[in-house]
2 protein chains.
Amino acid sequence: MSFDDGCRDGPVLIVGSVAYDSVRTPFGEVQEALGGAASYASVAASFFAPVRLVGVVGEDFAEQHVAALARRDIDLAGLQRAPGKTFRWSGYYEFDLNQAHTTATELNVFQHFRPSLPDSYRDSPYVFLANIDPALQLAVLDQVRRPKLVVCDTMNFWISSAKEKVLEVLARVDIALMNEAEARQLCGESNLILAGRKVLNYGPGVVIIKKGEHGAIMMSPGSYFVAPGYPLEELRDPTGAGDTFAGGLVGYLARCGEIDEEALRRAIIAGSVMASFTVEDFSLQRLFSLKPEEVADRYHEIIAMTRFGGF
Amino acid sequence: MSFDDGCRDGPVLIVGSVAYDSVRTPFGEVQEALGGAASYASVAASFFAPVRLVGVVGEDFAEQHVAALARRDIDLAGLQRAPGKTFRWSGYYEFDLNQAHTTATELNVFQHFRPSLPDSYRDSPYVFLANIDPALQLAVLDQVRRPKLVVCDTMNFWISSAKEKVLEVLARVDIALMNEAEARQLCGESNLILAGRKVLNYGPGVVIIKKGEHGAIMMSPGSYFVAPGYPLEELRDPTGAGDTFAGGLVGYLARCGEIDEEALRRAIIAGSVMASFTVEDFSLQRLFSLKPEEVADRYHEIIAMTRFGGF
């Protein structure tokens, strides 16, 4: 099920939530479907590289979901099972699918989650810290040995409640991911370019700002890249788009092991491709049915729709 | 002041408002500065091709503004001078510069404007109908002889008050320009891709949807193109960005005389470049100081920030 061209540098460690989501959109709804940032990111990354998942689920976590993740070659040695119920999120989207409205968050077993890495995970060369409590992100970084690349995500909740910890994380990562509103919030700066530059000052060599349907931009001190949104006719549920993007991005980078401007640009497109599939259906349904050749085809579609000639 | 490579197909006729704008943004303000869709579009187009302007001004229209337009090689034989005052618009922008708030609109001489083309304008091969009353757009089309390319813009006001006339215009143009909200409003469709496809069903071979800071997309029955927004650090006043984009686009197409997918893509980038300069300062100040080599440089910057390699 993965791309198999012998070009693979090493596993990707992914830490974040594994959840049961209840989601309603104008196009349908699901109850207690598999979700969580680590689930989306891990499945997306698994198309490109082996994945090691770190997270926690409750006693109610279904065997079918364990099996579905394992079938994607995701190492689940780091998936703790704790007494109690799995983390649950309920929300809905109006016709403006860019905005999630939360109706309920039940932390359950996630409330006391302390990431503890199996020994076999400590040498992971690629690390993705999904948008959990920055204190936990730091706890994971303390347990890995000299990773080659660390990517973090964050969210508005942590920026307002634990900004100092968020900044501590930013000082220890190579690539920071956030969305437009989070970049503006973190930096107190409405101009996105100036906000991005401020994020770079906090430490990461690269910041990638996600703009939902409008794509993403990447900034580093010497470069700027803008990636388009894929034009979706079938957009049923945006949940997990950002996490899928991140997983696809890190997985793609792990696949080849180069981390330069060119590889980063291709990785952003690969992440966008993966996210464009996720939102075509609820939960991880589309990712679970996705074929590698569909990924490659859509990547080439994006090339075709962005090319233009010289002045 | 124009690009002079001998590659020029013919003049662009531009009809629309010439106005005095009073604008306040978080970065400053101007009182009764030169504005109006036809002013922005004409000056932008004049970088690429000769322009013929059709519009109306009042007795108060300053000679210095006539002279400023004339210096750009804009033919003003079609600029009527009527008894009364020039059209005035007042508005402001909050920190979200994507949204203009109108405080006053005084139509003045524009209220009774009936476009009447000088004989010398009737053979114009390129026509841009800015966002005036669709009845007036049709009146202009009735006066030109077999133009090679007709491009129209529109706005929310006409879509809600004169939708049938807007559709009549769309049936007679080659390229329809509108912004995201207008496309959704016109088609009653929240998905932008589906909305774009509906616009094509109304007649134009190409629809270009402007997305402000997020760039633009172009759709035709067989193709899709997405152009990035230029990352602006100095964004002082977004007034006229859409009109400048349109003028740059049509001017660029007129410059070479080819109207195929490749030329359209380059024209969209050229239009984006022109718009990115307009918003750097109030009124047409930046366009009036702009040098052709700055246009070419920024075009190449956009190439550099969008390129990425194969999968």
# chains A, B, ... in the order shown; residues from 1 in each chain; ligands from 1
>>> closest_atom_pairs(of="chain A", to="chain B", cutoff="7 Å", atoms="only C-alpha atoms", output="JSON lines")
{"residue": "A:Phe95", "atom": "CA", "partner": "B:Ser190", "partner_atom": "CA", "distance": 6.9}
{"residue": "A:Ser190", "atom": "CA", "partner": "B:Phe95", "partner_atom": "CA", "distance": 6.9}
{"residue": "A:Asn191", "atom": "CA", "partner": "B:Glu233", "partner_atom": "CA", "distance": 6.9}
{"residue": "A:Ile193", "atom": "CA", "partner": "B:Glu233", "partner_atom": "CA", "distance": 6.1}
{"residue": "A:Leu194", "atom": "CA", "partner": "B:Glu233", "partner_atom": "CA", "distance": 6.6}
{"residue": "A:His214", "atom": "CA", "partner": "B:His214", "partner_atom": "CA", "distance": 6.3}
{"residue": "A:Tyr224", "atom": "CA", "partner": "B:Met305", "partner_atom": "CA", "distance": 5.6}
{"residue": "A:Phe225", "atom": "CA", "partner": "B:Met305", "partner_atom": "CA", "distance": 4.5}
{"residue": "A:Val226", "atom": "CA", "partner": "B:Thr306", "partner_atom": "CA", "distance": 5.6}
{"residue": "A:Ala227", "atom": "CA", "partner": "B:Thr306", "partner_atom": "CA", "distance": 6.8}
{"residue": "A:Pro228", "atom": "CA", "partner": "B:Val226", "partner_atom": "CA", "distance": 6.7}
{"residue": "A:Pro231", "atom": "CA", "partner": "B:Ile193", "partner_atom": "CA", "distance": 6.5}
{"residue": "A:Leu232", "atom": "CA", "partner": "B:Ile193", "partner_atom": "CA", "distance": 6.9}
{"residue": "A:Glu233", "atom": "CA", "partner": "B:Ile193", "partner_atom": "CA", "distance": 6.1}
{"residue": "A:Glu262", "atom": "CA", "partner": "B:Phe308", "partner_atom": "CA", "distance": 6.7}
{"residue": "A:Arg265", "atom": "CA", "partner": "B:Phe308", "partner_atom": "CA", "distance": 5.8}
{"residue": "A:Arg266", "atom": "CA", "partner": "B:Phe308", "partner_atom": "CA", "distance": 6.0}
{"residue": "A:Ala296", "atom": "CA", "partner": "B:Phe311", "partner_atom": "CA", "distance": 6.6}
{"residue": "A:Tyr299", "atom": "CA", "partner": "B:Phe311", "partner_atom": "CA", "distance": 6.6}
{"residue": "A:Met305", "atom": "CA", "partner": "B:Phe225", "partner_atom": "CA", "distance": 4.5}
{"residue": "A:Thr306", "atom": "CA", "partner": "B:Val226", "partner_atom": "CA", "distance": 5.6}
{"residue": "A:Phe308", "atom": "CA", "partner": "B:Arg265", "partner_atom": "CA", "distance": 5.8}
{"residue": "A:Gly309", "atom": "CA", "partner": "B:Arg266", "partner_atom": "CA", "distance": 6.2}
{"residue": "A:Phe311", "atom": "CA", "partner": "B:Tyr299", "partner_atom": "CA", "distance": 6.6}
>>> residues_around(residues="Val207 in chain A", least_positions_apart="5", cutoff="10 Å", atoms="only C-alpha atoms", output="list in words")
Val151, Cys152, Leu170, Asp174, Ile175, Ala176, Leu177, Met178, Ala183, Gly196, Arg197, Lys198, Val199, Leu200, Ile217, Met218, Met219, Ser220, Pro221 and Tyr224 of chain A
>>> write_last_selection(atoms="all heavy atoms", output="short mmCIF file (atom, residue, chain, number, x, y, z; two decimals), in the first residue's frame")
data_model
loop_
_atom_site.label_atom_id
_atom_site.label_comp_id
_atom_site.auth_asym_id
_atom_site.auth_seq_id
_atom_site.Cartn_x
_atom_site.Cartn_y
_atom_site.Cartn_z
N VAL A 151 8.98 18.28 13.60
CA VAL A 151 7.92 19.15 13.11
C VAL A 151 6.85 19.24 14.19
O VAL A 151 6.50 18.21 14.78
CB VAL A 151 7.29 18.58 11.82
CG1 VAL A 151 6.19 19.49 11.30
CG2 VAL A 151 8.37 18.35 10.76
N CYS A 152 6.36 20.44 14.48
CA CYS A 152 5.29 20.56 15.47
C CYS A 152 4.09 21.28 14.89
O CYS A 152 4.20 22.09 13.97
CB CYS A 152 5.77 21.28 16.72
SG CYS A 152 5.89 23.07 16.52
N LEU A 170 8.65 25.75 20.10
CA LEU A 170 9.10 26.35 18.83
C LEU A 170 10.62 26.48 18.78
O LEU A 170 11.23 26.35 17.73
CB LEU A 170 8.45 27.72 18.61
CG LEU A 170 6.94 27.69 18.31
CD1 LEU A 170 6.40 29.10 18.16
CD2 LEU A 170 6.66 26.88 17.05
N ASP A 174 12.33 22.04 14.02
CA ASP A 174 12.84 22.51 12.73
C ASP A 174 11.75 23.18 11.91
O ASP A 174 12.00 24.14 11.19
CB ASP A 174 13.41 21.32 11.95
CG ASP A 174 14.49 20.62 12.74
OD1 ASP A 174 15.56 21.23 12.92
OD2 ASP A 174 14.27 19.47 13.22
N ILE A 175 10.56 22.62 11.99
CA ILE A 175 9.44 23.15 11.19
C ILE A 175 8.24 23.35 12.10
O ILE A 175 7.82 22.43 12.80
CB ILE A 175 9.05 22.18 10.05
CG1 ILE A 175 10.24 21.90 9.14
CG2 ILE A 175 7.87 22.75 9.26
CD1 ILE A 175 9.92 20.91 8.01
N ALA A 176 7.68 24.56 12.08
CA ALA A 176 6.46 24.84 12.83
C ALA A 176 5.29 24.93 11.86
O ALA A 176 5.37 25.62 10.84
CB ALA A 176 6.60 26.16 13.59
N LEU A 177 4.23 24.21 12.19
CA LEU A 177 3.00 24.28 11.41
C LEU A 177 1.95 25.02 12.22
O LEU A 177 1.82 24.79 13.42
CB LEU A 177 2.43 22.87 11.16
CG LEU A 177 3.20 21.90 10.32
CD1 LEU A 177 2.44 20.56 10.30
CD2 LEU A 177 3.32 22.43 8.91
N MET A 178 1.20 25.89 11.56
CA MET A 178 0.04 26.47 12.23
C MET A 178 -0.89 27.00 11.16
O MET A 178 -0.53 27.08 9.98
CB MET A 178 0.43 27.55 13.22
CG MET A 178 1.22 28.71 12.70
SD MET A 178 1.91 29.68 14.07
CE MET A 178 3.20 28.57 14.65
N ALA A 183 -1.20 31.79 13.62
CA ALA A 183 0.01 32.60 13.39
C ALA A 183 -0.23 34.03 13.82
O ALA A 183 0.60 34.66 14.47
CB ALA A 183 0.42 32.54 11.92
N GLY A 196 4.55 35.40 10.01
CA GLY A 196 5.41 34.25 9.71
C GLY A 196 6.86 34.53 10.06
O GLY A 196 7.58 33.68 10.60
N ARG A 197 7.29 35.75 9.77
CA ARG A 197 8.68 36.12 10.07
C ARG A 197 8.93 36.11 11.58
O ARG A 197 9.99 35.72 12.04
CB ARG A 197 8.96 37.49 9.46
CG ARG A 197 10.43 37.74 9.29
CD ARG A 197 10.69 38.79 8.25
NE ARG A 197 10.26 38.38 6.93
CZ ARG A 197 10.04 39.24 5.93
NH1 ARG A 197 10.20 40.53 6.12
NH2 ARG A 197 9.67 38.79 4.74
N LYS A 198 7.92 36.55 12.34
CA LYS A 198 8.05 36.52 13.80
C LYS A 198 8.17 35.08 14.31
O LYS A 198 8.94 34.81 15.23
CB LYS A 198 6.85 37.20 14.46
CG LYS A 198 6.95 38.70 14.58
CD LYS A 198 5.94 39.22 15.63
CE LYS A 198 5.97 40.73 15.71
NZ LYS A 198 5.01 41.26 16.73
N VAL A 199 7.38 34.19 13.72
CA VAL A 199 7.46 32.79 14.15
C VAL A 199 8.88 32.28 13.95
O VAL A 199 9.44 31.59 14.80
CB VAL A 199 6.45 31.90 13.39
CG1 VAL A 199 6.63 30.44 13.78
CG2 VAL A 199 5.01 32.34 13.66
N LEU A 200 9.48 32.64 12.82
CA LEU A 200 10.86 32.20 12.55
C LEU A 200 11.82 32.70 13.64
O LEU A 200 12.76 32.01 14.01
CB LEU A 200 11.32 32.67 11.17
CG LEU A 200 10.58 32.06 9.97
CD1 LEU A 200 11.09 32.68 8.69
CD2 LEU A 200 10.76 30.54 9.93
N ILE A 217 1.36 28.32 2.85
CA ILE A 217 2.59 29.01 2.49
C ILE A 217 3.71 28.52 3.39
O ILE A 217 3.47 28.10 4.52
CB ILE A 217 2.47 30.54 2.57
CG1 ILE A 217 2.10 30.99 3.99
CG2 ILE A 217 1.47 31.07 1.58
CD1 ILE A 217 2.10 32.50 4.16
N MET A 218 4.89 28.50 2.84
CA MET A 218 6.07 28.12 3.63
C MET A 218 7.04 29.29 3.61
O MET A 218 7.34 29.84 2.55
CB MET A 218 6.73 26.88 3.03
CG MET A 218 8.08 26.57 3.67
SD MET A 218 8.78 24.99 3.15
CE MET A 218 9.22 25.34 1.44
N MET A 219 7.54 29.63 4.78
CA MET A 219 8.54 30.69 4.86
C MET A 219 9.77 30.19 5.61
O MET A 219 9.65 29.47 6.62
CB MET A 219 7.98 31.89 5.63
CG MET A 219 6.90 32.64 4.91
SD MET A 219 6.17 33.95 5.97
CE MET A 219 7.58 35.06 6.12
N SER A 220 10.92 30.55 5.11
CA SER A 220 12.16 30.38 5.86
C SER A 220 12.91 31.69 5.69
O SER A 220 12.48 32.54 4.90
CB SER A 220 12.95 29.18 5.33
OG SER A 220 13.42 29.45 4.04
N PRO A 221 14.00 31.90 6.42
CA PRO A 221 14.64 33.22 6.32
C PRO A 221 14.96 33.62 4.87
O PRO A 221 14.87 34.78 4.51
CB PRO A 221 15.91 33.06 7.17
CG PRO A 221 15.52 32.06 8.20
CD PRO A 221 14.64 31.07 7.46
N TYR A 224 10.37 31.75 0.16
CA TYR A 224 8.93 31.84 0.30
C TYR A 224 8.32 30.92 -0.75
O TYR A 224 8.72 30.95 -1.91
CB TYR A 224 8.48 33.28 0.07
CG TYR A 224 7.01 33.50 0.30
CD1 TYR A 224 6.53 33.89 1.54
CD2 TYR A 224 6.09 33.29 -0.72
CE1 TYR A 224 5.18 34.07 1.77
CE2 TYR A 224 4.74 33.47 -0.50
CZ TYR A 224 4.29 33.87 0.74
OH TYR A 224 2.95 34.04 0.94
#
>>> residues_around(residues="range 246-251 of chain A", least_positions_apart="4", cutoff="8 Å", atoms="only C-alpha atoms", output="number ranges by chain")
A: 12, 40-49, 126-128, 151, 177, 242, 255, 264, 267-272, 274-275
>>> residues_around(residues="Val18 in chain B", least_positions_apart="3", cutoff="12 Å", atoms="only C-alpha atoms", output="PDB file with N, CA and C atoms, in the first residue's frame")
ATOM      1  N   ILE B  14     -11.648  50.460 -22.303  1.00  0.00           N
ATOM      2  CA  ILE B  14     -12.045  50.229 -20.913  1.00  0.00           C
ATOM      3  C   ILE B  14     -13.166  51.183 -20.540  1.00  0.00           C
ATOM      4  N   VAL B  15     -14.270  50.637 -20.072  1.00  0.00           N
ATOM      5  CA  VAL B  15     -15.380  51.472 -19.618  1.00  0.00           C
ATOM      6  C   VAL B  15     -15.642  51.204 -18.139  1.00  0.00           C
ATOM      7  N   ASP B  21     -12.114  59.227  -4.469  1.00  0.00           N
ATOM      8  CA  ASP B  21     -12.298  58.335  -3.318  1.00  0.00           C
ATOM      9  C   ASP B  21     -11.728  58.948  -2.046  1.00  0.00           C
ATOM     10  N   GLU B  32     -10.627  62.509  -1.277  1.00  0.00           N
ATOM     11  CA  GLU B  32     -10.878  62.860  -2.673  1.00  0.00           C
ATOM     12  C   GLU B  32      -9.666  62.623  -3.562  1.00  0.00           C
ATOM     13  N   ALA B  33      -9.162  61.410  -3.476  1.00  0.00           N
ATOM     14  CA  ALA B  33      -8.032  61.019  -4.328  1.00  0.00           C
ATOM     15  C   ALA B  33      -8.578  60.358  -5.586  1.00  0.00           C
ATOM     16  N   LEU B  34      -7.803  60.382  -6.648  1.00  0.00           N
ATOM     17  CA  LEU B  34      -8.236  59.768  -7.903  1.00  0.00           C
ATOM     18  C   LEU B  34      -8.512  58.277  -7.688  1.00  0.00           C
ATOM     19  N   GLY B  35      -9.658  57.823  -8.175  1.00  0.00           N
ATOM     20  CA  GLY B  35     -10.018  56.409  -8.059  1.00  0.00           C
ATOM     21  C   GLY B  35     -11.011  56.039  -9.144  1.00  0.00           C
ATOM     22  N   GLY B  36     -11.745  54.961  -8.908  1.00  0.00           N
ATOM     23  CA  GLY B  36     -12.695  54.474  -9.902  1.00  0.00           C
ATOM     24  C   GLY B  36     -12.110  53.318 -10.675  1.00  0.00           C
ATOM     25  N   ALA B  37     -12.984  52.355 -11.012  1.00  0.00           N
ATOM     26  CA  ALA B  37     -12.527  51.126 -11.662  1.00  0.00           C
ATOM     27  C   ALA B  37     -11.809  51.413 -12.976  1.00  0.00           C
ATOM     28  N   ALA B  38     -12.349  52.354 -13.763  1.00  0.00           N
ATOM     29  CA  ALA B  38     -11.745  52.618 -15.079  1.00  0.00           C
ATOM     30  C   ALA B  38     -10.364  53.255 -14.929  1.00  0.00           C
ATOM     31  N   SER B  39     -10.192  54.056 -13.878  1.00  0.00           N
ATOM     32  CA  SER B  39      -8.877  54.675 -13.668  1.00  0.00           C
ATOM     33  C   SER B  39      -7.830  53.608 -13.360  1.00  0.00           C
ATOM     34  N   TYR B  40      -8.126  52.772 -12.374  1.00  0.00           N
ATOM     35  CA  TYR B  40      -7.177  51.722 -12.006  1.00  0.00           C
ATOM     36  C   TYR B  40      -6.904  50.781 -13.190  1.00  0.00           C
ATOM     37  N   ALA B  41      -7.986  50.332 -13.837  1.00  0.00           N
ATOM     38  CA  ALA B  41      -7.812  49.356 -14.922  1.00  0.00           C
ATOM     39  C   ALA B  41      -7.032  49.963 -16.084  1.00  0.00           C
ATOM     40  N   SER B  42      -7.331  51.232 -16.393  1.00  0.00           N
ATOM     41  CA  SER B  42      -6.666  51.858 -17.545  1.00  0.00           C
ATOM     42  C   SER B  42      -5.181  52.049 -17.301  1.00  0.00           C
ATOM     43  N   VAL B  43      -4.850  52.528 -16.118  1.00  0.00           N
ATOM     44  CA  VAL B  43      -3.429  52.753 -15.840  1.00  0.00           C
ATOM     45  C   VAL B  43      -2.692  51.415 -15.824  1.00  0.00           C
ATOM     46  N   LEU B  53     -10.176  55.048 -22.899  1.00  0.00           N
ATOM     47  CA  LEU B  53     -11.040  55.090 -21.717  1.00  0.00           C
ATOM     48  C   LEU B  53     -12.424  55.651 -22.057  1.00  0.00           C
ATOM     49  N   VAL B  54     -13.444  54.993 -21.516  1.00  0.00           N
ATOM     50  CA  VAL B  54     -14.811  55.498 -21.632  1.00  0.00           C
ATOM     51  C   VAL B  54     -15.354  55.703 -20.228  1.00  0.00           C
ATOM     52  N   GLY B  55     -15.745  56.944 -19.919  1.00  0.00           N
ATOM     53  CA  GLY B  55     -16.267  57.224 -18.593  1.00  0.00           C
ATOM     54  C   GLY B  55     -16.781  58.653 -18.548  1.00  0.00           C
ATOM     55  N   VAL B  56     -17.085  59.097 -17.337  1.00  0.00           N
ATOM     56  CA  VAL B  56     -17.594  60.457 -17.202  1.00  0.00           C
ATOM     57  C   VAL B  56     -17.026  61.085 -15.930  1.00  0.00           C
ATOM     58  N   VAL B  57     -16.726  62.367 -16.027  1.00  0.00           N
ATOM     59  CA  VAL B  57     -16.302  63.115 -14.835  1.00  0.00           C
ATOM     60  C   VAL B  57     -17.090  64.420 -14.782  1.00  0.00           C
ATOM     61  N   GLY B  58     -17.053  65.076 -13.633  1.00  0.00           N
ATOM     62  CA  GLY B  58     -17.770  66.339 -13.471  1.00  0.00           C
ATOM     63  C   GLY B  58     -16.878  67.526 -13.748  1.00  0.00           C
ATOM     64  N   PHE B  61     -13.421  67.866 -12.005  1.00  0.00           N
ATOM     65  CA  PHE B  61     -12.318  66.915 -12.204  1.00  0.00           C
ATOM     66  C   PHE B  61     -11.051  67.690 -12.543  1.00  0.00           C
ATOM     67  N   ALA B  62     -10.017  67.485 -11.767  1.00  0.00           N
ATOM     68  CA  ALA B  62      -8.824  68.329 -11.846  1.00  0.00           C
ATOM     69  C   ALA B  62      -7.995  68.055 -13.096  1.00  0.00           C
ATOM     70  N   HIS B  65      -5.325  65.436 -12.917  1.00  0.00           N
ATOM     71  CA  HIS B  65      -5.674  64.032 -13.081  1.00  0.00           C
ATOM     72  C   HIS B  65      -5.850  63.662 -14.555  1.00  0.00           C
ATOM     73  N   VAL B  66      -6.388  64.612 -15.323  1.00  0.00           N
ATOM     74  CA  VAL B  66      -6.449  64.399 -16.776  1.00  0.00           C
ATOM     75  C   VAL B  66      -5.031  64.209 -17.299  1.00  0.00           C
ATOM     76  N   LEU B  69      -3.418  60.789 -16.390  1.00  0.00           N
ATOM     77  CA  LEU B  69      -3.891  59.678 -17.231  1.00  0.00           C
ATOM     78  C   LEU B  69      -3.315  59.798 -18.641  1.00  0.00           C
ATOM     79  N   LEU B  76      -8.190  59.722 -24.057  1.00  0.00           N
ATOM     80  CA  LEU B  76      -9.293  60.214 -23.226  1.00  0.00           C
ATOM     81  C   LEU B  76     -10.422  60.819 -24.059  1.00  0.00           C
ATOM     82  N   GLY B  78     -12.900  59.402 -25.055  1.00  0.00           N
ATOM     83  CA  GLY B  78     -14.168  58.838 -24.566  1.00  0.00           C
ATOM     84  C   GLY B  78     -14.494  59.226 -23.133  1.00  0.00           C
ATOM     85  N   LEU B  79     -13.717  60.107 -22.567  1.00  0.00           N
ATOM     86  CA  LEU B  79     -14.003  60.556 -21.192  1.00  0.00           C
ATOM     87  C   LEU B  79     -14.886  61.796 -21.249  1.00  0.00           C
ATOM     88  N   GLN B  80     -16.183  61.596 -21.031  1.00  0.00           N
ATOM     89  CA  GLN B  80     -17.118  62.720 -21.081  1.00  0.00           C
ATOM     90  C   GLN B  80     -16.932  63.625 -19.862  1.00  0.00           C
ATOM     91  N   ARG B  81     -17.178  64.917 -20.081  1.00  0.00           N
ATOM     92  CA  ARG B  81     -17.206  65.851 -18.953  1.00  0.00           C
ATOM     93  C   ARG B  81     -18.627  66.409 -18.875  1.00  0.00           C
ATOM     94  N   LYS B  85     -20.848  67.243 -10.321  1.00  0.00           N
ATOM     95  CA  LYS B  85     -19.639  66.776  -9.648  1.00  0.00           C
ATOM     96  C   LYS B  85     -19.253  65.361 -10.061  1.00  0.00           C
ATOM     97  N   THR B  86     -17.999  65.057  -9.959  1.00  0.00           N
ATOM     98  CA  THR B  86     -17.471  63.721 -10.236  1.00  0.00           C
ATOM     99  C   THR B  86     -17.993  62.724  -9.181  1.00  0.00           C
ATOM    100  N   PHE B  87     -18.217  61.507  -9.610  1.00  0.00           N
ATOM    101  CA  PHE B  87     -18.611  60.397  -8.733  1.00  0.00           C
ATOM    102  C   PHE B  87     -17.665  60.340  -7.523  1.00  0.00           C
ATOM    103  N   ARG B  88     -18.261  60.162  -6.335  1.00  0.00           N
ATOM    104  CA  ARG B  88     -17.436  60.075  -5.127  1.00  0.00           C
ATOM    105  C   ARG B  88     -17.766  58.832  -4.319  1.00  0.00           C
ATOM    106  N   TRP B  89     -16.744  58.209  -3.785  1.00  0.00           N
ATOM    107  CA  TRP B  89     -16.929  57.063  -2.888  1.00  0.00           C
ATOM    108  C   TRP B  89     -16.117  57.296  -1.617  1.00  0.00           C
ATOM    109  N   LEU B 107     -23.303  59.325  -6.533  1.00  0.00           N
ATOM    110  CA  LEU B 107     -23.164  59.016  -7.962  1.00  0.00           C
ATOM    111  C   LEU B 107     -22.831  60.264  -8.780  1.00  0.00           C
ATOM    112  N   ASN B 108     -23.481  61.387  -8.431  1.00  0.00           N
ATOM    113  CA  ASN B 108     -23.256  62.657  -9.143  1.00  0.00           C
ATOM    114  C   ASN B 108     -23.390  62.476 -10.656  1.00  0.00           C
ATOM    115  N   VAL B 109     -22.394  62.876 -11.446  1.00  0.00           N
ATOM    116  CA  VAL B 109     -22.541  62.785 -12.912  1.00  0.00           C
ATOM    117  C   VAL B 109     -22.682  61.347 -13.403  1.00  0.00           C
ATOM    118  N   PHE B 110     -22.293  60.383 -12.558  1.00  0.00           N
ATOM    119  CA  PHE B 110     -22.350  58.988 -12.987  1.00  0.00           C
ATOM    120  C   PHE B 110     -23.798  58.505 -13.083  1.00  0.00           C
ATOM    121  N   PHE B 113     -24.982  58.756 -16.602  1.00  0.00           N
ATOM    122  CA  PHE B 113     -23.950  58.364 -17.576  1.00  0.00           C
ATOM    123  C   PHE B 113     -24.523  57.399 -18.615  1.00  0.00           C
ATOM    124  N   ALA B 130     -15.808  47.243 -16.912  1.00  0.00           N
ATOM    125  CA  ALA B 130     -15.679  47.222 -15.450  1.00  0.00           C
ATOM    126  C   ALA B 130     -17.076  47.103 -14.821  1.00  0.00           C
ATOM    127  N   ASN B 131     -17.109  47.099 -13.491  1.00  0.00           N
ATOM    128  CA  ASN B 131     -18.343  46.688 -12.802  1.00  0.00           C
ATOM    129  C   ASN B 131     -19.458  47.733 -12.740  1.00  0.00           C
ATOM    130  N   ILE B 132     -19.757  48.351 -13.859  1.00  0.00           N
ATOM    131  CA  ILE B 132     -20.883  49.295 -13.914  1.00  0.00           C
ATOM    132  C   ILE B 132     -22.189  48.538 -14.167  1.00  0.00           C
ATOM    133  N   GLY B 240      -9.140  49.273  -5.381  1.00  0.00           N
ATOM    134  CA  GLY B 240      -8.683  49.228  -6.769  1.00  0.00           C
ATOM    135  C   GLY B 240      -7.907  47.986  -7.136  1.00  0.00           C
ATOM    136  N   ASP B 243      -9.720  45.950  -9.867  1.00  0.00           N
ATOM    137  CA  ASP B 243      -9.750  46.671 -11.142  1.00  0.00           C
ATOM    138  C   ASP B 243      -8.357  46.701 -11.779  1.00  0.00           C
ATOM    139  N   SER B 283      -4.755  55.276  -3.402  1.00  0.00           N
ATOM    140  CA  SER B 283      -5.125  55.772  -4.726  1.00  0.00           C
ATOM    141  C   SER B 283      -4.249  55.107  -5.796  1.00  0.00           C
ATOM    142  N   LEU B 284      -3.894  55.845  -6.844  1.00  0.00           N
ATOM    143  CA  LEU B 284      -3.067  55.267  -7.905  1.00  0.00           C
ATOM    144  C   LEU B 284      -1.602  55.650  -7.750  1.00  0.00           C
TER     145      LEU B 284
END
>>> select_by_dssp(residues="range 45-103 of chain B", states="strand (DSSP E)", output="ChimeraX atom specification")
/B:51-57,74-81,88-93,100-103
>>> select_by_dssp(residues="range 17-107 of chain A", states="alpha helix (DSSP H)", output="ChimeraX atom specification")
/A:37-45,63-71
>>> residues_around(residues="Val144 in chain A", least_positions_apart="4", cutoff="9 Å", atoms="only C-alpha atoms", output="JSON list (two decimals) with N, CA and C atoms, in the first residue's frame")
[["chain", "number", "residue", "atom", "x", "y", "z"],
["A", 117, "LEU", "N", 7.75, 6.79, 25.62],
["A", 117, "LEU", "CA", 8.17, 6.15, 24.38],
["A", 117, "LEU", "C", 8.75, 4.76, 24.63],
["A", 121, "TYR", "N", 11.42, 3.25, 19.99],
["A", 121, "TYR", "CA", 11.03, 4.50, 19.32],
["A", 121, "TYR", "C", 12.08, 5.60, 19.47],
["A", 122, "ARG", "N", 13.03, 5.42, 20.42],
["A", 122, "ARG", "CA", 13.85, 6.56, 20.81],
["A", 122, "ARG", "C", 14.82, 7.06, 19.73],
["A", 123, "ASP", "N", 15.09, 6.21, 18.78],
["A", 123, "ASP", "CA", 16.01, 6.61, 17.71],
["A", 123, "ASP", "C", 15.25, 7.11, 16.46],
["A", 124, "SER", "N", 13.97, 7.41, 16.60],
["A", 124, "SER", "CA", 13.20, 7.84, 15.42],
["A", 124, "SER", "C", 13.81, 9.09, 14.81],
["A", 125, "PRO", "N", 14.18, 9.03, 13.52],
["A", 125, "PRO", "CA", 14.83, 10.20, 12.91],
["A", 125, "PRO", "C", 13.85, 11.33, 12.58],
["A", 127, "VAL", "N", 10.18, 13.21, 13.61],
["A", 127, "VAL", "CA", 9.22, 13.33, 14.71],
["A", 127, "VAL", "C", 8.17, 14.37, 14.34],
["A", 140, "VAL", "N", 8.00, 14.50, 24.93],
["A", 140, "VAL", "CA", 8.37, 13.57, 23.85],
["A", 140, "VAL", "C", 9.78, 13.90, 23.35]]
>>> closest_residue(among="B:Asn179, B:Thr103, B:Ser22, B:Ser17", to="Gln137 in chain B", atoms="only C-alpha atoms")
B:Ser17
>>> atom_distance(atom1="CA of Leu136 in chain A", atom2="CA of Ser116 in chain A")
9.9 Å
>>> closest_residue(among="B:Asp75, B:Glu168, B:Asp260, B:Glu59", to="Val206 in chain B", atoms="only C-alpha atoms")
B:Asp260
>>> residues_around(residues="Tyr93 in chain A", least_positions_apart="3", cutoff="9 Å", atoms="only C-alpha atoms", output="PyMOL selection string")
chain A and resi 23-26+96-102+237-238
